[in-house]
Amino acid sequence: MPARILHVSDLHVGAQDTPSAEPDPSALGLTALVTRVAPDLVVASGDLTHGGRASEHTRAAVLLQSLGPPVLAVPGNHDIPPLSPARFRRPWAAFEAEWQTTEPVFATAALHVVGLNSVRPGRYQSGSVGEAPLSRAIERLDAAAPGALRVVVLHHQLANAPWRGRKQPLARRDHVLDRLAAAGADLIVGGHTHQAAVTTPREFTAEAGAAVVLATAPGLGRPRPHRRGETRGAMVYTAGEQELEVVTYVRGGNDWELAARRTFPRSG
């Protein structure tokens, strides 16, 4: 049986708490998309909240957990307190109250998904992954069952949408990508840009490990007025024995519409 992941990102729950704001992601009918695609796992790649408040984290967790399938969530740069002592002393407290850890793992015979925390309290937008958490992720990838799709989830993107160049990709992207690819990662997913991008380094380099697929999900939230025109969407990954299918769904009117479908060979 194919294994399937629904990937959502950048909900920004709490940004909508003003009279003129657009509805939050709970109004988008995610349950209908879950029913349509029947995922084995829902992945949420950060910016679940807009202000990092405990109440926002609770609302985001209730929304995601109400969908039915297991949820694997990692934090984004909006998921920690704004500039305050708490941002540096206990940055993950509200997130971990709902999700227990910023480095989660989901493991079955068909899927092995490892979360990485790319948020740094000393930075606002940009992200990085240190050597210690990177090494932990590699150890966890190594524990995957034979033939399982090996997935790494983080907030900051490795693949940029070309029209959102102001949001720089993960710091030391090449280094992180090389190490994760060498550890057997088949798919690395993120968000942050609010716009979709799907590629494999094999399309522009012949180096070893270039077969890993990089996917950046569109956002679900529209946190600022000048970005109200952005697409709201989600990604679906389906792993068969020989191929990995990547599908983008966008919210059109009152329904979810298929926007794009790409298929990549599985190197394993």
# chains A, B, ... in the order shown; residues from 1 in each chain; ligands from 1
>>> residues_around(residues="segment 53-56 of chain A", least_positions_apart="2", cutoff="8 Å", atoms="only C-alpha atoms", output="list in words")
Val13, Gly14, Thr49, His50, Gly51, Thr58, Arg59, Ala60, Asp79, Ile80, Pro81, Ala94 and Phe95 of chain A
>>> residues_around(residues="Pro75 of chain A", least_positions_apart="2", cutoff="7 Å", atoms="only C-alpha atoms", output="PyMOL selection string")
chain A and resi 45-47+73+77+79+102+117+155
>>> atom_distance(atom1="atom CA of Pro201 of chain A", atom2="atom CA of Arg266 of chain A")
13.8 Å
>>> closest_residue(among="A:Pro169, A:Gly233, A:Pro91, A:Gly115", to="Leu154 of chain A", atoms="only C-alpha atoms")
A:Gly115
>>> residues_around(residues="Ala144 of chain A", least_positions_apart="4", cutoff="12 Å", atoms="only C-alpha atoms", output="ChimeraX atom specification")
/A:105-114,137-140,148-152,183-186
>>> select_by_dssp(residues="segment 152-255 of chain A", states="alpha helix (DSSP H)", output="short mmCIF file (atom, residue, chain, number, x, y, z; two decimals) with N, CA and C atoms, in the first residue's frame")
data_model
loop_
_atom_site.label_atom_id
_atom_site.label_comp_id
_atom_site.auth_asym_id
_atom_site.auth_seq_id
_atom_site.Cartn_x
_atom_site.Cartn_y
_atom_site.Cartn_z
N ARG A 173 22.79 25.85 3.77
CA ARG A 173 21.87 24.93 3.11
C ARG A 173 22.61 23.77 2.45
N ASP A 174 23.69 24.04 1.73
CA ASP A 174 24.39 22.97 1.03
C ASP A 174 24.94 21.93 2.00
N HIS A 175 25.48 22.40 3.11
CA HIS A 175 26.04 21.49 4.11
C HIS A 175 24.95 20.60 4.71
N VAL A 176 23.84 21.22 5.11
CA VAL A 176 22.74 20.45 5.70
C VAL A 176 22.18 19.47 4.68
N LEU A 177 21.97 19.92 3.46
CA LEU A 177 21.45 19.05 2.42
C LEU A 177 22.38 17.88 2.16
N ASP A 178 23.68 18.14 2.05
CA ASP A 178 24.64 17.07 1.78
C ASP A 178 24.61 16.01 2.87
N ARG A 179 24.57 16.44 4.13
CA ARG A 179 24.59 15.48 5.23
C ARG A 179 23.29 14.67 5.30
N LEU A 180 22.16 15.33 5.10
CA LEU A 180 20.89 14.60 5.15
C LEU A 180 20.75 13.66 3.97
N ALA A 181 21.18 14.09 2.80
CA ALA A 181 21.12 13.21 1.63
C ALA A 181 22.02 12.00 1.82
N ALA A 182 23.22 12.22 2.37
CA ALA A 182 24.14 11.10 2.62
C ALA A 182 23.56 10.13 3.64
#
>>> residues_around(residues="segment 158-168 of chain A", least_positions_apart="3", cutoff="8 Å", atoms="only C-alpha atoms", output="count of residues only")
17
>>> residues_around(residues="Gly253 of chain A", least_positions_apart="3", cutoff="12 Å", atoms="only C-alpha atoms", output="PyMOL selection string")
chain A and resi 27-29+231-232+250+256-257
>>> closest_residue(among="A:Gly127, A:Val247, A:Ala93, A:Ala44", to="Ala259 of chain A", atoms="only C-alpha atoms")
A:Val247
>>> residues_around(residues="Val42 of chain A", least_positions_apart="3", cutoff="7 Å", atoms="only C-alpha atoms", output="list in words")
Ile5, Leu6, His7, Pro39, Pro69, Pro70, Val71 and Leu72 of chain A
>>> closest_residue(among="A:Ala171, A:Ala239, A:Leu134, A:Leu258", to="Asp40 of chain A", atoms="only C-alpha atoms")
A:Ala239
>>> residues_around(residues="segment 234-236 of chain A", least_positions_apart="4", cutoff="8 Å", atoms="only C-alpha atoms", output="mmCIF file with C-alpha atoms, in the first residue's frame")
data_model
loop_
_atom_site.group_PDB
_atom_site.id
_atom_site.type_symbol
_atom_site.label_atom_id
_atom_site.label_comp_id
_atom_site.auth_asym_id
_atom_site.auth_seq_id
_atom_site.Cartn_x
_atom_site.Cartn_y
_atom_site.Cartn_z
ATOM 1 C CA ARG A 4 0.765 9.257 2.134
ATOM 2 C CA ILE A 5 1.578 12.524 3.955
ATOM 3 C CA LEU A 6 -0.455 15.731 4.013
ATOM 4 C CA HIS A 7 1.877 18.702 4.501
ATOM 5 C CA VAL A 8 0.541 22.028 5.789
ATOM 6 C CA SER A 9 2.533 25.060 6.842
ATOM 7 C CA VAL A 37 -6.510 12.296 0.228
ATOM 8 C CA ALA A 217 4.599 24.196 0.984
ATOM 9 C CA PRO A 218 2.383 27.207 0.334
ATOM 10 C CA GLY A 219 0.954 28.801 3.461
ATOM 11 C CA LEU A 220 -2.479 28.377 5.003
ATOM 12 C CA GLU A 245 4.366 11.674 -6.154
ATOM 13 C CA VAL A 246 4.151 15.307 -5.023
ATOM 14 C CA VAL A 247 0.786 17.047 -5.454
ATOM 15 C CA THR A 248 -0.097 20.671 -4.694
ATOM 16 C CA TYR A 249 -3.658 21.519 -3.706
ATOM 17 C CA VAL A 250 -4.879 25.111 -3.523
#
>>> atom_distance(atom1="atom CA of Leu244 of chain A", atom2="atom CA of Ala38 of chain A")
16.2 Å
>>> atom_distance(atom1="atom CA of Glu203 of chain A", atom2="atom CA of Ala260 of chain A")
17.9 Å
>>> select_by_dssp(residues="segment 107-254 of chain A", states="strand (DSSP E or B)", output="ChimeraX atom specification")
/A:107,111-115,149-153,187-190,197-199,213-216,233-239,243-252
